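Worksheet: one structure, shown below.
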Amino acid sequence: MEGYILTQIVAIELAKKQKEISVAEFFERNKHILGFGNQTRALITSVKEGVDNSLDACEEANILPDIYVEIKNHEDGECKVIVEDNGPGIVKNQIPHVFGRLLYGSRFHSIRQSRGQQGIGISAVVLYGQLTTGKHAKIISKIAEDRPAVVTELVIDTNKNRAEVIGGDTVHWEKPSGTRVEVSIIADYKRGKRFVYEYLQSTSIVNPHAKITYKELDGTEYIFERTSDIPPRKSVEIKPHPYGVELGTLIKLAKETKARQLNSFLKTEFSSMGDRTTNAAIEMAGLEKTLNPKNMTRDQFLTLHKAFKNIKIMAPSTDCLSPIGETLVKRSLKNETKEISPEFIFTASRPPSVYTGNPFQVEVGLVYGGNLPKEDSVKILRFANRVPLLYQQGGCIITSAISSIDWRRYGLNQPSGKGIPTGPAILFTHVSSTLIPFTSESKEAIADIPEIENEIKLAFRECARKVQHHINKKVKREKTREKFDLITRILPEIAKKSAHMLNKPVPSLDPIITKIMDIVWIEDLIEYEKVNRTPVQTTLTDKPSAEQKGGIITKSKIMIVNYKRSPQKFNLYAVIPQDAVVGEVNPKPSKITNNYIKWNLDAISSANKVDIIFELAGLEKGDFDENDLYVENINPTYVIGADKWEGD
Amino acid sequence: MSRDYSNVISKIDAVAEKIYDDFKNSEIPSLKLPTRTKSNIRFDDKLEVWKYGKSTTERDAKSLAGAYMLLRTMYMADFIKEMIKINKSSTLREMYYISEGWNLAKFHSQQESNLLAEDLEVITSCMREDFKLRPEEDGARVIGNVTIEEMTRNNTKKKIHCQDDVGDAGYSIPYNVETEKITFKGIDADLIIAIETGGMFDRLVENGFDTSHRAILVHLKGQPARSTRRFIKRLNGASNLPVLVFTDCDPWSYRIFASVAYGAIKTAHISEYLATPASQYLGVTPSDIENYDLPTDTLTTEDINALKAELTDPRFQDSFWKGEIKLQLKMGKKSEQQALAKYGLDYVTDTYLPEKLVEMGITKK
């Protein structure tokens with residue numbers, strides 16, 4: 001009896017202490033995982049959350065982002081971070097929710113590719129600023145051309161997790177629409193400014209449709225130019241896939257569904273569930289089709305959840321993803337590495353894939369040579385859903401995937417063929433997914449998911465193959481150039497000198513030239529021309545006529561010289577980028593597809609030359625700087641400048 | 001000094017003809033010559049020296065390097081013909097500079113032009129002297145009881161006694177040591193010692209070793225020039241005296257000995273003119289380092305690689321060399337001739353050399 005009373009007293013005492021933890025306390029305890037662990041990171045995280053918000057907002061509204069970032073008033077370790085965009089703006093009464101409540105956001109429950117997922121972002125910055133400087137956040141937003149801009153100053157009531165609006169006003173703003181956020185924070189500007197620059201540069205690489213301006217404290221302004229005028233494909237919202245759904249989510253969905261029967265519940269609330277798959281799942285779980293999902297027991301949910309894993313379900317549709325695209329990755333990398341003047345840039349893009357029901361896609365790029373340091377480790381640029389990952393490189397699946405590839409074959413140093421290679425290279429990786437499996441809330445590293453690791457490896461191998469192909473081609477060409485040198489300069493001299501010594505006429509060289517060369521030489525030249533006309537569409541392709549009025553025309557000239565002693569007849573393929581539109585082609589090709597142009601060439605007699613030209617539209621200058629040429633019906637070892645055609 | 005060069009000219013023309021005919025016959029121009037590497041030297045039992053074996057290398061115009069070689073060969077051959085015609089000669093260095101005017105055939109280093117001159121010797125089986133090409137005067141020296149009659153530049157014969165008529169620096173060996181230039185008139189000695197370093201040569205001279213031990217001292221001056229090797233060969237031929245090679249104790253010195261005794265790899269086509277098969281290695285040997293407790297240096301990586309290369313060099317396959325080289329690799333040490341000064345300036349002449357000569361059976365105690 002005594003013991004019973006005692007425990008009761010303890011429980012009452014404990015209950016007194018068990019009060020709600022306020023968001024401020026939550027933040028204070030978890031600030032390291034939210035990206036405010038130290039004063040350098042606080043600066044970058046603040047910029048990052050602001051920029052992410054702006055990019056997302058512009059994307060929603062299908063506006064090409066023009067983002068302005070400024071850091072001001074650096075005194076006593078205090079900075080004012082300003083992020084301004086030309087997005088759709090935020091309606092007045094939503095502003096306190098967006099900036100003044102943690103875990104508030106429209107994207108939290110949707111399954112699609114987006115930058116932020118938890119909605120903790122920008123309000124965390126406001127809170128951090130408030131906690132460290134005691135100052136209000138200021139937000140200016142304009143939603144339409146004919147409306148004034150609304151100025152809102154707010155603080156977060158940390159007990160209620162609600163914004164408290166301190167003051168509001170309207171002002172005139174030149175922009176048609178947009179949002180400007182000003183937050184004062186305690187931050188280490190000196191150490192952080194370089195990272196802010198790198199973060200914005202990286203952001204610009206994966207958001208080629210955005211223009212970002214960065215003004216430093218001393219007034220220095222950097223502009224990261226837009227390299228594409230096409231906003232990224234809008235990602236589509238999809239329903240959860242049974243493979244990826246958690247038990248709790250399954251129960252929650254069942255409680256909320258409008259469906260009255262289990263089979264219609266599965267069909268309407270999940271992706272990839274057709275009649276056959278639905279029936280298979282229900283049968284596997286040993287349940288009735290007609291069961292009302294609202295009345296299901298926990299055990300029934302459990303068997304259903306288990307049944308999902310044991311049946312074959314089609315992968316979810318992948319149009320919810322919005323990858324950057326090979327051409328744009330290349331163009332962006334090219335633009336941002338201009339000062340390095342790299343020797344080459346190669347990119348590879350994997351088809352979409354799935355891990356536990358979540359679609360994802362991997363894109364990689366490799367920048368090599370130029371002024372990049374030869375003795376340092378390669379630079380690894382990691383991105384998830386168009387957001388640069390700046391920290392925890394060592395704990396990220398991208399890093400381990402790169403480390404497990406043997407790079408020695410591709411001109412990089414890597415003792416024992418494992419680990420991060422050294423050499424003049426930048427390795428770019430972008431993973432897009434409806435759910436990026438981060439290792440922690442700070443979202444700096446992608447977790448160890450075998451499917452993702454495998455895709456990254458495959459993508460880099462593909463990229464590395466292109467590198468090797470390029471190098472081989474270069475070496476082969478070098479060798480053949482030497483032969484040209486030999487034929488045009490040295491051989492005639494030898495002949496002349498021997499004739500001179502013997503007082504004989506100079507012998508003819510012609511028969512020896514083809515003997516020494518003994519190859520078919522293919523050389524290509526690419527030029528860019530700015531035009532105002534619409535490119536001519538050949539009738540052979542089934543693609544719609546090009547719609548561009550003007551722009552850049554990529555003109556390729558291919559020269560083929562037969563230096564073999566016999567006539568040569570073969571087929572030539574030129575691989576073209578998917579997003580290109582074929583213009584004029586001469587001579588007439590035998591086939592044009594989305595990927596290549598094919599010519600069945602007439603026999604070229606010994607020592608004769610054939611020229612081929614073709615035009616591509618829909619590309620930017622420099623997108624296409626090397627032709628990928630292939631040959632068929634000829635021994636590929638005879639050919640310099642093209643490889644064996646392996647089929648479509 | 002007029003000499004008939006028609007044989008040389010026809011041999012040079014034959015090279016040009018080979019190339020010319022290749023063009024005429026629609027063949028890729030090429031020249032064949034023995035492979036000049038250590039894997040292609042064979043011991044010639046009759047001549048008792050190492051000569052090139054049967055393997056050949058073809059230089060053809062299929063590659064850029066081969067074409068350059070052919071072009072330079074043509075230019076060099078033409079230049080030699082021209083020199084013969086106007087009765088002039090040039091040093092190898094002069095030819096290197098003359099090649100400045102050869103456009104594409106220009107040499108990029110004297111090493112290149114020297115090597116090609118050797119190639120041309122090999123191809124035509126002529127000697128450099130036939131081409132009217134000579135090396136720089138290298139001034140290797142001789143002191144000993146031998147009288148040399150030299151044809152001077154004034155076309156007068158002059159007798160020189162290599163002790164009485166010379167200073168302490170000795171008689172300087174000219175680049176041409178053939179009979180038309182020098183002859184031996186009276187040799188009164190018991191042995192010939194060829195010495196690697198100038199310091200040791202001077203030590204033996206200062207200590208009067210040439211008189212006390214009736215020795216003819218020849219300074220090799222590092223890797224000996226052709227004329228020095230030819231001089232030793234002729235001196236040995238004229239006197240039948242034993243030739244003892246006295247060098248530092250390191251792999252590079254063993255190569256000096258090999259070039260004197262067996263023939264050098266680079267000049268294996270004329271080994272019978274240059275090498276003296278009767279030469280013996282006196283020291284310093286790796287065993288000497290142990291026996292005389294000499295001061296040493298640690299072998300460098302290059303030293304070790306050179307020693308290992310010698311283990312596969314056909315000229316070093318006898319038990320003496322194999323044993324000594326393996327011993328040295330085990331010790332990891334090398335030493336210099338002059339390290340003998342550890343025991344005083346007279347030690348080398350009073351103790352080391354006499355002991356070694358007895359040990360080798362050259363003199364009796």
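Ordering of the structure tokens sets the chain letters (A, B, ...), residue numbers begin anew at 1 in every chain, and ligands are numbered from 1 in the order given.
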#### Entry: Non-local contacts of Pro359 (chain A) (9 Å; only C-alpha atoms; under 2 positions in same chain excluded) as a PyMOL selection string
chain A and resi 315-318+320-321+352-357+361+432-435
### Message
Show me, as number ranges by chain, every residue of chain A with an atom at most 12 Å from chain B, counting only C-alpha atoms.
### Response
A: 478-518
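Our summary of the geometry notes that CA of Leu262 (chain A) is positioned 28.8 Å from CA of Phe360 (chain A).
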### Message
So that I can check the secondary structure, give me every residue of region 42-140 of chain A assigned helix (DSSP H, G or I) by backbone DSSP, as JSON, numbers by chain.
### Response
{"A": [42, 43, 44, 45, 46, 47, 48, 49, 50, 51, 52, 53, 54, 55, 56, 57, 58, 59, 60, 92, 93, 94, 95, 96, 97, 98, 99, 100, 121, 122, 123, 124, 125, 126, 127, 128, 129, 130, 131, 132, 133]}
### Query
Residues at most 12 Å from Thr268 (chain A), counting only C-alpha atoms, excluding those fewer than 2 positions away in the same chain, as a list of chain:residue names?
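With the cut-off at 12 Å, the set is A:Ile238, A:Lys239, A:Pro240, A:His241, A:Pro242, A:Leu253, A:Ala254, A:Thr257, A:Lys258, A:Ala259, A:Arg260, A:Gln261, A:Leu262, A:Asn263, A:Ser264, A:Phe265, A:Leu266, A:Phe270, A:Ser271, A:Ser272, A:Met273, A:Gly274, A:Asp275, A:Thr278.
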### Task
Select, from A:Ile634, A:Leu389, A:Ile143, A:Ala137, the residue with the minimum atom-to-atom distance to Val181 (chain A), counting only C-alpha atoms.
A:Ala137
### Message
Set the distance at 8 Å and use only C-alpha atoms: which residues neighbour Thr147 (chain B) once local chain neighbours fewer than 3 positions away are removed? I'd like the list as a list of chain:residue names.
### Response
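The neighbour list is B:Lys159, B:Ile160, B:His161, B:Cys162, B:Phe184, B:Lys185, B:Gly186, B:Ile187.
Nearest-residue note for Gly53 (chain B): choosing from B:Gln317, B:Glu94, B:His269, B:Ser287, the minimum distance belongs to B:His269, counting only C-alpha atoms.
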